[in-house]
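Structure first, then comments.
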Amino acid sequence: MLKNIDKIVDKIKKDTNSDSKIIYRTKFVNHSKIAIIYNEYLTDSDNISHFIIRSINKIERKYKNKVDLLTTFKNDISMNKIS
């Protein structure tokens, strides 16, 4: 799984010509690596930190042994699109 995330991030970097406006953050949740990618000019980094990161931390505490993180995120983070 770690290699898949790294490949996806590398592809996005390549497709965006490593645009400096694109911010890449990684986090480990229950031994799974996740990537948080956003455009700093289109997204408020404070909102990312306060809403997304805080929500991920709550999910991590709530579902210590949960295997299917994507389903968990879809159910516990209210967003229009998650991929």
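Identifiers in this document derive from the order of the structure tokens: chains are assigned A, B, ..., residues are numbered from 1 separately in each chain, and ligands are numbered from 1 in order of occurrence.
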Which residues are near segment 36-53 of chain A? Cut-off 10 Å, only C-alpha atoms, ignore same chain within fewer than 5 positions. Put them as a list in words.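 Answer for this query is Val9, Ile12, Asp19, Ser20, Lys21, Ile22, Ile23, Tyr24, Arg25, Thr26, Lys27, Lys58, Ile59, Ile77, Ser78 and Met79 of chain A.
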Contacts of Asn4 of chain A at 12 Å or less, counting only C-alpha atoms, minus same-chain residues fewer than 3 places along, as a PyMOL selection string? chain A and resi 1+7-11+32-35
Write the residues of the preceding selection, restricted to N, CA, C and O atoms, as a short mmCIF file (atom, residue, chain, number, x, y, z; two decimals), in the first residue's frame.
data_model
loop_
_atom_site.label_atom_id
_atom_site.label_comp_id
_atom_site.auth_asym_id
_atom_site.auth_seq_id
_atom_site.Cartn_x
_atom_site.Cartn_y
_atom_site.Cartn_z
N MET A 1 0.83 -1.19 0.00
CA MET A 1 0.00 0.00 0.00
C MET A 1 0.87 1.26 0.00
O MET A 1 0.56 2.22 -0.66
N LYS A 7 3.49 6.11 -5.53
CA LYS A 7 3.36 6.17 -6.99
C LYS A 7 2.31 7.19 -7.40
O LYS A 7 2.50 7.93 -8.37
N ILE A 8 1.21 7.23 -6.68
CA ILE A 8 0.14 8.18 -6.99
C ILE A 8 0.64 9.61 -6.79
O ILE A 8 0.43 10.48 -7.65
N VAL A 9 1.32 9.86 -5.68
CA VAL A 9 1.85 11.19 -5.41
C VAL A 9 2.87 11.57 -6.47
O VAL A 9 2.85 12.70 -6.99
N ASP A 10 3.74 10.64 -6.83
CA ASP A 10 4.73 10.92 -7.88
C ASP A 10 4.06 11.26 -9.21
O ASP A 10 4.49 12.16 -9.92
N LYS A 11 2.98 10.55 -9.54
CA LYS A 11 2.26 10.81 -10.79
C LYS A 11 1.62 12.20 -10.76
O LYS A 11 1.68 12.94 -11.74
N SER A 32 -1.28 2.73 8.01
CA SER A 32 -1.49 2.97 6.58
C SER A 32 -1.08 4.40 6.28
O SER A 32 -1.39 5.32 7.03
N LYS A 33 -0.38 4.56 5.18
CA LYS A 33 0.07 5.90 4.78
C LYS A 33 -1.01 6.54 3.92
O LYS A 33 -1.52 5.93 2.98
N ILE A 34 -1.37 7.76 4.26
CA ILE A 34 -2.33 8.51 3.45
C ILE A 34 -1.65 9.79 2.97
O ILE A 34 -0.71 10.27 3.59
N ALA A 35 -2.13 10.31 1.86
CA ALA A 35 -1.60 11.56 1.32
C ALA A 35 -2.71 12.59 1.33
O ALA A 35 -3.85 12.30 0.98
#
